[in-house]
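Novice: This is model.txt, which holds compact mmCIF, C-alpha atoms and all ligand atoms:
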# COMPACT_ATOMS: atom_id res chain seq x y z
CA MET A 1 18.94 10.44 -1.65
CA THR A 2 18.93 9.80 -5.36
CA SER A 3 18.61 6.05 -5.64
CA LEU A 4 16.48 3.17 -4.44
CA SER A 5 17.65 0.34 -2.22
CA THR A 6 15.65 -2.85 -1.85
CA GLN A 7 15.03 -3.80 1.78
CA PRO A 8 14.56 -7.59 2.08
CA HIS A 9 12.90 -7.33 5.53
CA PHE A 10 10.35 -4.79 4.31
CA ILE A 11 7.05 -6.26 3.07
CA THR A 12 4.11 -4.27 1.73
CA LEU A 13 0.48 -5.03 0.98
CA GLU A 14 -1.34 -3.34 -1.85
CA GLY A 15 -4.77 -3.50 -3.44
CA GLY A 16 -7.94 -1.61 -4.14
CA GLU A 17 -10.79 -0.96 -1.79
CA GLY A 18 -12.11 -3.96 0.13
CA ALA A 19 -9.28 -6.21 -1.07
CA GLY A 20 -8.86 -7.51 2.50
CA LYS A 21 -5.47 -6.05 3.43
CA THR A 22 -6.31 -5.91 7.14
CA THR A 23 -6.96 -9.66 7.50
CA VAL A 24 -3.91 -10.54 5.42
CA LEU A 25 -1.66 -8.16 7.36
CA ASN A 26 -2.62 -9.88 10.61
CA ALA A 27 -2.00 -13.33 9.13
CA LEU A 28 1.45 -12.31 7.82
CA ARG A 29 2.37 -10.74 11.16
CA ASP A 30 1.40 -13.94 12.99
CA ALA A 31 3.38 -16.08 10.52
CA LEU A 32 6.52 -13.94 10.93
CA GLN A 33 6.18 -14.00 14.71
CA ARG A 34 5.83 -17.79 14.65
CA ASN A 35 9.26 -17.78 12.97
CA GLY A 36 10.59 -15.90 16.02
CA LEU A 37 10.99 -12.58 14.18
CA GLU A 38 10.30 -9.09 15.53
CA VAL A 39 7.59 -7.46 13.40
CA VAL A 40 6.50 -3.83 13.15
CA THR A 41 3.14 -3.30 11.44
CA THR A 42 2.32 0.09 10.03
CA ARG A 43 0.27 1.79 7.31
CA GLU A 44 0.18 4.56 4.71
CA PRO A 45 -0.69 7.29 4.55
CA GLY A 46 0.27 7.44 8.23
CA GLY A 47 2.51 5.49 10.54
CA THR A 48 3.81 8.42 12.66
CA PRO A 49 1.83 11.10 14.55
CA LEU A 50 2.63 13.75 11.92
CA ALA A 51 1.97 11.41 8.98
CA GLU A 52 -1.37 10.40 10.57
CA GLN A 53 -2.30 14.11 10.65
CA ILE A 54 -1.49 14.33 6.94
CA ARG A 55 -3.68 11.23 6.42
CA GLY A 56 -6.53 13.11 8.10
CA LEU A 57 -6.08 16.03 5.70
CA LEU A 58 -5.95 13.69 2.71
CA LEU A 59 -9.06 11.67 3.47
CA ASP A 60 -11.31 14.34 4.97
CA PRO A 61 -14.17 15.03 2.51
CA SER A 62 -15.23 18.27 4.27
CA HIS A 63 -12.68 20.70 2.78
CA GLU A 64 -12.18 21.56 -0.89
CA PRO A 65 -10.77 18.63 -2.88
CA PRO A 66 -6.98 18.80 -3.19
CA SER A 67 -5.59 19.06 -6.72
CA PRO A 68 -3.99 15.79 -7.93
CA GLU A 69 -0.56 17.40 -7.44
CA THR A 70 -1.41 18.41 -3.85
CA GLU A 71 -2.65 14.88 -3.17
CA LEU A 72 0.56 13.35 -4.55
CA LEU A 73 2.86 15.67 -2.61
CA LEU A 74 0.96 15.12 0.65
CA MET A 75 1.24 11.34 0.14
CA PHE A 76 5.00 11.74 -0.30
CA ALA A 77 5.30 14.20 2.62
CA ALA A 78 3.68 11.61 4.88
CA ARG A 79 5.89 8.87 3.40
CA ALA A 80 9.11 10.88 3.89
CA GLN A 81 8.32 11.17 7.59
CA HIS A 82 7.18 7.55 7.89
CA VAL A 83 10.33 6.15 6.27
CA ARG A 84 12.65 8.18 8.49
CA GLU A 85 10.77 7.92 11.79
CA THR A 86 9.33 4.40 11.69
CA ILE A 87 10.46 2.15 8.85
CA LEU A 88 14.23 2.71 8.69
CA PRO A 89 14.78 2.66 12.47
CA ALA A 90 12.89 -0.65 12.70
CA LEU A 91 14.82 -2.20 9.80
CA GLN A 92 18.10 -0.95 11.21
CA ARG A 93 17.54 -2.72 14.54
CA GLY A 94 16.75 -5.96 12.68
CA ALA A 95 12.94 -5.99 12.81
CA TRP A 96 10.71 -6.92 9.89
CA VAL A 97 8.32 -4.22 8.73
CA LEU A 98 4.87 -5.02 7.36
CA CYS A 99 3.21 -2.01 5.80
CA ASP A 100 -0.39 -1.60 4.58
CA ARG A 101 0.27 0.37 1.32
CA PHE A 102 3.48 2.11 0.24
CA THR A 103 4.82 3.82 -2.90
CA ASP A 104 3.03 1.39 -5.26
CA SER A 105 -0.21 3.03 -4.04
CA SER A 106 1.01 6.39 -5.35
CA TYR A 107 1.81 4.85 -8.74
CA ALA A 108 -1.62 3.21 -8.83
CA TYR A 109 -3.85 5.98 -7.40
CA GLN A 110 -2.05 9.19 -8.37
CA GLY A 111 -0.39 7.74 -11.50
CA GLY A 112 -3.14 5.39 -12.74
CA GLY A 113 -6.19 7.02 -11.16
CA ARG A 114 -5.29 10.72 -11.37
CA ARG A 115 -3.13 10.37 -14.50
CA LEU A 116 -0.12 12.17 -13.02
CA ASP A 117 3.28 11.80 -14.69
CA ILE A 118 4.87 8.47 -13.72
CA ALA A 119 8.38 9.88 -14.26
CA PHE A 120 7.65 12.57 -11.65
CA ILE A 121 6.44 9.92 -9.18
CA ALA A 122 9.58 7.88 -9.85
CA GLU A 123 11.72 10.97 -9.21
CA LEU A 124 9.97 11.58 -5.88
CA GLU A 125 10.41 7.92 -4.99
CA ARG A 126 14.17 8.15 -5.60
CA ARG A 127 14.69 11.52 -3.93
CA VAL A 128 12.24 11.36 -1.02
CA VAL A 129 11.78 7.66 -0.21
CA GLY A 130 14.98 5.88 -1.26
CA ILE A 131 13.80 2.38 -0.33
CA ARG A 132 11.54 -0.25 -1.81
CA PRO A 133 10.17 -3.44 -0.30
CA GLY A 134 11.68 -6.84 -0.92
CA LEU A 135 8.22 -8.34 -1.29
CA THR A 136 4.88 -6.77 -2.18
CA LEU A 137 1.65 -8.74 -2.20
CA LEU A 138 -0.97 -7.23 -4.48
CA LEU A 139 -4.44 -8.38 -3.36
CA ASP A 140 -6.43 -8.25 -6.56
CA VAL A 141 -10.21 -8.22 -6.57
CA GLY A 142 -12.74 -6.90 -9.10
CA VAL A 143 -13.73 -3.28 -8.44
CA HIS A 144 -17.41 -4.07 -7.99
CA LYS A 145 -16.81 -6.86 -5.49
CA GLY A 146 -14.22 -4.87 -3.53
CA ARG A 147 -16.45 -1.82 -3.28
CA GLU A 148 -19.38 -3.94 -2.17
CA ARG A 149 -17.25 -5.34 0.68
CA ALA A 150 -16.07 -1.87 1.69
CA ARG A 151 -19.65 -0.54 1.62
CA GLY A 152 -20.65 -3.33 4.01
CA ARG A 153 -18.13 -1.94 6.50
CA ASP A 154 -18.10 1.85 5.96
CA THR A 155 -20.75 4.07 7.47
CA SER A 156 -19.14 7.15 5.97
CA PRO A 157 -16.80 6.73 2.98
CA ASP A 158 -13.65 8.89 2.97
CA ARG A 159 -12.81 11.36 0.17
CA ILE A 160 -11.02 8.85 -2.08
CA GLU A 161 -13.60 6.11 -1.49
CA ARG A 162 -16.18 8.49 -3.01
CA GLU A 163 -14.52 8.29 -6.46
CA ARG A 164 -16.33 6.67 -9.40
CA ASP A 165 -15.84 3.01 -10.44
CA GLU A 166 -13.89 4.20 -13.50
CA PHE A 167 -11.21 5.70 -11.22
CA PHE A 168 -10.82 2.39 -9.37
CA GLU A 169 -10.64 0.46 -12.67
CA GLN A 170 -7.68 2.68 -13.66
CA VAL A 171 -6.10 2.08 -10.25
CA ARG A 172 -6.49 -1.68 -10.66
CA ALA A 173 -5.03 -1.63 -14.18
CA ALA A 174 -2.02 0.38 -12.97
CA TYR A 175 -1.39 -2.10 -10.14
CA LEU A 176 -1.58 -5.10 -12.46
CA ALA A 177 0.79 -3.43 -14.94
CA ARG A 178 3.32 -2.83 -12.15
CA ALA A 179 3.05 -6.45 -11.01
CA GLN A 180 3.64 -7.63 -14.55
CA ALA A 181 6.70 -5.38 -14.85
CA GLU A 182 8.21 -6.54 -11.53
CA PRO A 183 7.13 -10.17 -11.09
CA ASP A 184 9.90 -11.05 -8.63
CA ARG A 185 9.04 -8.36 -6.11
CA MET A 186 5.31 -8.02 -6.64
CA ARG A 187 3.18 -11.15 -6.33
CA VAL A 188 -0.50 -11.07 -7.22
CA VAL A 189 -2.93 -12.82 -4.86
CA ASP A 190 -6.44 -13.50 -6.15
CA ALA A 191 -8.43 -11.79 -3.39
CA SER A 192 -11.88 -12.76 -4.61
CA ALA A 193 -11.96 -15.93 -2.47
CA SER A 194 -12.94 -16.14 1.23
CA ALA A 195 -10.89 -14.13 3.73
CA GLU A 196 -9.37 -17.36 5.15
CA GLU A 197 -8.37 -18.63 1.73
CA VAL A 198 -6.81 -15.31 0.71
CA ALA A 199 -4.84 -15.16 3.96
CA ALA A 200 -3.61 -18.75 3.45
CA ARG A 201 -2.40 -17.94 -0.09
CA ALA A 202 -0.62 -14.83 1.16
CA VAL A 203 1.08 -16.76 3.98
CA ALA A 204 2.23 -19.43 1.49
CA LEU A 205 3.87 -16.71 -0.65
CA LEU A 206 5.49 -15.25 2.46
CA GLN A 207 6.94 -18.67 3.43
CA GLN A 208 8.32 -19.06 -0.09
CA TYR A 209 9.88 -15.59 0.19
CA LEU A 210 11.40 -16.34 3.62
CA ARG A 211 13.08 -19.43 2.16
CA SER A 212 14.47 -17.35 -0.71
CA VAL A 213 16.04 -14.70 1.56
CA ALA A 214 17.27 -17.10 4.27
N1 LIG B 1 -3.71 6.23 -1.14
C1 LIG B 1 -3.31 6.91 -2.28
O1 LIG B 1 -4.14 7.39 -3.04
N2 LIG B 1 -1.98 7.05 -2.53
C2 LIG B 1 -1.02 6.57 -1.70
O2 LIG B 1 0.18 6.74 -1.97
C3 LIG B 1 -1.47 5.87 -0.51
C4 LIG B 1 -2.81 5.71 -0.27
C5 LIG B 1 -0.45 5.31 0.44
C6 LIG B 1 -6.47 5.16 2.34
O3 LIG B 1 -5.93 3.87 2.35
C7 LIG B 1 -6.60 5.69 0.94
O4 LIG B 1 -5.38 6.32 0.54
C8 LIG B 1 -6.88 4.63 -0.08
C9 LIG B 1 -5.75 4.74 -1.10
C10 LIG B 1 -5.17 6.08 -0.85
N3 LIG B 1 -8.13 4.98 -0.70
N4 LIG B 1 -8.93 4.23 -1.20
N5 LIG B 1 -9.76 3.69 -1.65
P1 LIG B 1 -6.56 2.71 3.24
O5 LIG B 1 -5.71 1.52 3.00
O6 LIG B 1 -6.73 3.17 4.63
O7 LIG B 1 -8.03 2.56 2.64
P2 LIG B 1 -8.68 1.43 1.80
O8 LIG B 1 -7.88 0.81 0.75
O9 LIG B 1 -9.95 2.06 1.39
O10 LIG B 1 -8.83 0.30 2.84
P3 LIG B 1 -9.93 -0.76 2.83
O11 LIG B 1 -11.12 -0.51 1.98
O12 LIG B 1 -10.17 -0.92 4.29
O13 LIG B 1 -9.23 -1.96 2.18
P4 LIG B 1 -8.72 -3.24 2.88
O14 LIG B 1 -7.90 -2.87 4.10
O15 LIG B 1 -8.05 -4.03 1.85
O16 LIG B 1 -10.04 -3.97 3.32
P5 LIG B 1 -10.39 -4.61 4.73
O17 LIG B 1 -10.70 -3.56 5.75
O18 LIG B 1 -9.44 -5.66 5.09
O19 LIG B 1 -11.76 -5.29 4.29
C11 LIG B 1 -12.86 -4.51 3.92
C12 LIG B 1 -14.17 -5.27 4.28
O20 LIG B 1 -14.25 -6.44 3.47
C13 LIG B 1 -14.22 -5.72 5.72
O21 LIG B 1 -15.54 -5.63 6.17
C14 LIG B 1 -13.79 -7.19 5.64
O22 LIG B 1 -14.33 -7.97 6.67
C15 LIG B 1 -14.33 -7.60 4.29
N6 LIG B 1 -13.48 -8.60 3.62
C16 LIG B 1 -12.13 -8.60 3.55
N7 LIG B 1 -11.69 -9.67 2.85
C17 LIG B 1 -12.79 -10.36 2.49
C18 LIG B 1 -12.99 -11.57 1.73
N8 LIG B 1 -11.95 -12.24 1.21
N9 LIG B 1 -14.24 -11.98 1.53
C19 LIG B 1 -15.29 -11.27 2.02
N10 LIG B 1 -15.19 -10.13 2.75
C20 LIG B 1 -13.94 -9.69 2.98
How would this structure read if it were set down as structure tokens?
Ligand code: Z5A
Specialist:
Amino acid sequence: MTSLSTQPHFITLEGGEGAGKTTVLNALRDALQRNGLEVVTTREPGGTPLAEQIRGLLLDPSHEPPSPETELLLMFAARAQHVRETILPALQRGAWVLCDRFTDSSYAYQGGGRRLDIAFIAELERRVVGIRPGLTLLLDVGVHKGRERARGRDTSPDRIERERDEFFEQVRAAYLARAQAEPDRMRVVDASASAEEVAARAVALLQQYLRSVA
């Protein structure tokens, strides 16, 4: 694999902590199913038994922190497995795939947050992943507000959730820069409103997208 193909039936959700991806994912799944479509929902890192084990390694705060390079390569190792075992087989049989995070997360967290070389991430994306989503919804919320929401839910934050606000500001800036560079694929949803309102905005963007690919 050395190039990237856009998969129109592949939709991803992105955003910082507490952006509300879970609620939106459920609303998008329901909307697709109401249109009579088969939907596979999945997440990253994870989405296969092996990739879920890699997720455990990545988020466990009890061992020594991985170097940024280790973190990046583990994200891509999990993704390589996920694409081949879950995403491509589903797309090939005609299902729609809704994924909570994908390669944009690596650009935002490992590129923006950890300051790793974007060209290296792009090379991994081409060689290891080979696909990109037709539509990505970026749920954008201020770092403080998002972290407050996540704190309300988490009893024990994972390793990445323990980072400083400054890290998450860099992640947010990287996401917004990507959305600005690819406005057709990546649509920004203001996620500071109520969960119902955010889900309704996301579903409206999905309906618009479905009309455009019909
Ligand atoms: N990561 C990476 O670094 N590189 C990569 O390539 C990939 C991932 C793929 C695990 O992801 C970590 O891996 C993640 C990025 C990194 N680390 N961080 N941070 P994850 O998706 O499993 O973890 P997460 O982003 O921390 O998930 P999250 O905090 O659960 O975000 P969310 O799914 O968007 O939030 P939520 O569970 O839907 O909502 C959080 C709480 O807020 C919950 O109590 C909701 O009821 C509440 N909520 C949600 N929406 C609202 C609104 N609109 N108003 C009020 N309250 C709300």
Novice: At a cut-off of 8 Å, can you tabulate as CSV every residue of chain A near ligand LIG 1 (chain B) together with its closest atom pair and the distance in Å to one decimal, using only C-alpha atoms and all ligand atoms and ordering rows by chain then number?
Specialist:
residue,atom,partner,partner_atom,distance
A:Glu14,CA,B:LIG1,O15,7.7
A:Gly15,CA,B:LIG1,O15,6.2
A:Gly16,CA,B:LIG1,O8,5.5
A:Glu17,CA,B:LIG1,O11,3.8
A:Gly18,CA,B:LIG1,O16,3.8
A:Ala19,CA,B:LIG1,O15,3.8
A:Gly20,CA,B:LIG1,O18,3.2
A:Lys21,CA,B:LIG1,O15,3.6
A:Thr22,CA,B:LIG1,O18,3.7
A:Thr23,CA,B:LIG1,O18,5.3
A:Val24,CA,B:LIG1,O18,7.4
A:Arg43,CA,B:LIG1,O5,7.4
A:Glu44,CA,B:LIG1,C5,4.4
A:Pro45,CA,B:LIG1,C5,4.6
A:Arg55,CA,B:LIG1,C6,7.8
A:Leu58,CA,B:LIG1,O4,7.7
A:Leu59,CA,B:LIG1,C7,6.9
A:Glu71,CA,B:LIG1,O1,7.6
A:Leu72,CA,B:LIG1,N2,7.1
A:Met75,CA,B:LIG1,O2,5.2
A:Phe76,CA,B:LIG1,O2,7.1
A:Arg79,CA,B:LIG1,C5,7.9
A:Asp100,CA,B:LIG1,O5,6.4
A:Arg101,CA,B:LIG1,C5,5.1
A:Phe102,CA,B:LIG1,C5,5.1
A:Thr103,CA,B:LIG1,O2,5.6
A:Asp104,CA,B:LIG1,O2,6.9
A:Ser105,CA,B:LIG1,O2,4.3
A:Ser106,CA,B:LIG1,O2,3.5
A:Tyr107,CA,B:LIG1,O2,7.2
A:Ala108,CA,B:LIG1,N2,7.4
A:Tyr109,CA,B:LIG1,O1,4.6
A:Gln110,CA,B:LIG1,O1,6.0
A:Leu139,CA,B:LIG1,O15,7.7
A:Gly146,CA,B:LIG1,O20,7.2
A:Arg147,CA,B:LIG1,O11,7.6
A:Arg149,CA,B:LIG1,O20,4.2
A:Ala150,CA,B:LIG1,C12,4.7
A:Arg151,CA,B:LIG1,C12,7.7
A:Gly152,CA,B:LIG1,O21,6.0
A:Arg153,CA,B:LIG1,O21,4.5
A:Asp154,CA,B:LIG1,O21,7.9
A:Asp158,CA,B:LIG1,N3,7.7
A:Arg159,CA,B:LIG1,N3,8.0
A:Ile160,CA,B:LIG1,N3,5.0
A:Glu161,CA,B:LIG1,N5,4.5
A:Phe168,CA,B:LIG1,N5,7.9
A:Ala191,CA,B:LIG1,N8,5.8
A:Ser192,CA,B:LIG1,N8,5.8
A:Ala193,CA,B:LIG1,N8,5.2
A:Ser194,CA,B:LIG1,N8,4.0
A:Ala195,CA,B:LIG1,N8,3.3
A:Glu196,CA,B:LIG1,N8,7.0
A:Glu197,CA,B:LIG1,N8,7.3
A:Val198,CA,B:LIG1,N8,6.0
Novice: What is the CA of Thr41 (chain A) to CA of Arg114 (chain A) distance in Å?
Specialist: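 Computing the Euclidean distance for CA of Thr41 (chain A) and CA of Arg114 (chain A) yields 28.1 Å.
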Novice: With the cut-off set at 9 Å and counting only C-alpha atoms, tabulate each residue of region 58-119 of chain A with an atom at most that distance from an atom of region 46-50 of chain A, showing the nearest atom pair and its distance in Å to one decimal, ordered by chain and increasing number, as a Markdown table.
Specialist:
| residue | atom | partner | partner_atom | distance |
| --- | --- | --- | --- | --- |
| A:Ala78 | CA | A:Gly46 | CA | 6.3 |
| A:Arg79 | CA | A:Gly46 | CA | 7.5 |
| A:Gln81 | CA | A:Thr48 | CA | 7.3 |
| A:His82 | CA | A:Gly47 | CA | 5.8 |
| A:Val83 | CA | A:Gly47 | CA | 8.9 |
| A:Glu85 | CA | A:Thr48 | CA | 7.0 |
| A:Thr86 | CA | A:Thr48 | CA | 6.9 |
| A:Ile87 | CA | A:Gly47 | CA | 8.8 |
| A:Cys99 | CA | A:Gly47 | CA | 8.9 |
Novice: Could you check which of A:Leu74, A:Thr155, A:Leu206, A:Thr42 is closest to Ile54 (chain A), using only C-alpha atoms?
Specialist: A:Leu74
Novice: Using Å and a single decimal, report how far CA of Phe120 (chain A) sits from CA of Glu64 (chain A).
Specialist: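 Going from CA of Glu64 (chain A) over to CA of Phe120 (chain A) covers 24.3 Å.
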Novice: Residues near Gln7 (chain A), anyone? I mean within 12 Å using only C-alpha atoms, not counting same-chain ones fewer than 5 positions away, as JSON, numbers by chain.
Specialist: {"A": [12, 83, 87, 88, 90, 91, 92, 94, 95, 96, 97, 98, 130, 131, 132, 133, 134, 135, 136, 185, 213]}
Novice: Can you tell me how far CA of Leu32 (chain A) sits from CA of Leu210 (chain A), in Å to one decimal?
Specialist: 9.1 Å
Novice: Between A:Val129, A:Ala204, A:Leu37, A:Leu176, which one has atoms that come closest to Val188 (chain A), using only C-alpha atoms?
Specialist: A:Leu176
Novice: So which one's closest to Glu166 (chain A), A:Gly113, A:Arg187, A:Thr70, A:Arg201? Using all atoms listed in the file, please.
Specialist: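 Nearest to Glu166 (chain A): A:Gly113.
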Novice: Between A:Ala202, A:Asn35, A:Lys145, A:Pro61, which is the closest to Arg162 (chain A) once you count all atoms listed in the file?
Specialist: A:Pro61
Novice: Could you complete region 17-28 of chain A so that it carries all heavy atoms, and give it back as a tab-separated table (two decimals), in the coordinates of the input?
Specialist:
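Written output follows (rebuild-v2.tsv):
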chain	number	residue	atom	x	y	z
A	17	GLU	N	-9.85	-0.97	-2.92
A	17	GLU	CA	-10.79	-0.96	-1.79
A	17	GLU	C	-11.35	-2.35	-1.52
A	17	GLU	O	-11.68	-3.07	-2.47
A	17	GLU	CB	-11.97	-0.09	-2.20
A	17	GLU	CG	-12.12	1.17	-1.44
A	17	GLU	CD	-13.50	1.70	-1.71
A	17	GLU	OE1	-13.80	2.01	-2.87
A	17	GLU	OE2	-14.27	1.77	-0.76
A	18	GLY	N	-11.45	-2.70	-0.24
A	18	GLY	CA	-12.11	-3.96	0.13
A	18	GLY	C	-11.36	-5.20	-0.31
A	18	GLY	O	-11.92	-6.29	-0.36
A	19	ALA	N	-10.06	-5.05	-0.62
A	19	ALA	CA	-9.28	-6.21	-1.07
A	19	ALA	C	-9.00	-7.17	0.09
A	19	ALA	O	-8.72	-8.35	-0.12
A	19	ALA	CB	-7.97	-5.75	-1.70
A	20	GLY	N	-9.06	-6.65	1.32
A	20	GLY	CA	-8.86	-7.51	2.50
A	20	GLY	C	-7.47	-7.39	3.09
A	20	GLY	O	-6.96	-8.32	3.71
A	21	LYS	N	-6.85	-6.23	2.95
A	21	LYS	CA	-5.47	-6.05	3.43
A	21	LYS	C	-5.36	-6.25	4.94
A	21	LYS	O	-4.37	-6.79	5.42
A	21	LYS	CB	-4.94	-4.66	3.05
A	21	LYS	CG	-4.69	-4.51	1.54
A	21	LYS	CD	-4.15	-3.15	1.19
A	21	LYS	CE	-5.20	-2.07	1.15
A	21	LYS	NZ	-5.41	-1.33	2.38
A	22	THR	N	-6.38	-5.83	5.67
A	22	THR	CA	-6.31	-5.91	7.14
A	22	THR	C	-6.17	-7.36	7.61
A	22	THR	O	-5.29	-7.67	8.42
A	22	THR	CB	-7.58	-5.27	7.75
A	22	THR	OG1	-7.76	-4.00	7.13
A	22	THR	CG2	-7.46	-5.09	9.25
A	23	THR	N	-7.02	-8.24	7.10
A	23	THR	CA	-6.96	-9.66	7.50
A	23	THR	C	-5.62	-10.27	7.11
A	23	THR	O	-4.99	-11.00	7.90
A	23	THR	CB	-8.06	-10.48	6.77
A	23	THR	OG1	-9.25	-9.72	6.77
A	23	THR	CG2	-8.28	-11.84	7.37
A	24	VAL	N	-5.16	-9.95	5.91
A	24	VAL	CA	-3.91	-10.54	5.42
A	24	VAL	C	-2.73	-10.02	6.24
A	24	VAL	O	-1.82	-10.78	6.60
A	24	VAL	CB	-3.73	-10.27	3.91
A	24	VAL	CG1	-2.34	-10.64	3.45
A	24	VAL	CG2	-4.78	-11.04	3.11
A	25	LEU	N	-2.75	-8.73	6.56
A	25	LEU	CA	-1.66	-8.16	7.36
A	25	LEU	C	-1.53	-8.91	8.68
A	25	LEU	O	-0.42	-9.27	9.11
A	25	LEU	CB	-1.93	-6.67	7.61
A	25	LEU	CG	-0.76	-5.92	8.22
A	25	LEU	CD1	0.07	-5.25	7.12
A	25	LEU	CD2	-1.22	-4.85	9.19
A	26	ASN	N	-2.66	-9.16	9.33
A	26	ASN	CA	-2.62	-9.88	10.61
A	26	ASN	C	-2.07	-11.30	10.45
A	26	ASN	O	-1.28	-11.77	11.27
A	26	ASN	CB	-4.02	-9.93	11.24
A	26	ASN	CG	-4.47	-8.54	11.68
A	26	ASN	OD1	-3.64	-7.66	11.91
A	26	ASN	ND2	-5.77	-8.33	11.77
A	27	ALA	N	-2.48	-11.96	9.36
A	27	ALA	CA	-2.00	-13.33	9.13
A	27	ALA	C	-0.50	-13.34	8.86
A	27	ALA	O	0.23	-14.22	9.35
A	27	ALA	CB	-2.76	-13.95	7.95
A	28	LEU	N	0.00	-12.36	8.10
A	28	LEU	CA	1.45	-12.31	7.82
A	28	LEU	C	2.23	-11.99	9.09
A	28	LEU	O	3.29	-12.58	9.34
A	28	LEU	CB	1.75	-11.24	6.75
A	28	LEU	CG	1.15	-11.45	5.36
A	28	LEU	CD1	1.64	-10.36	4.42
A	28	LEU	CD2	1.51	-12.81	4.78
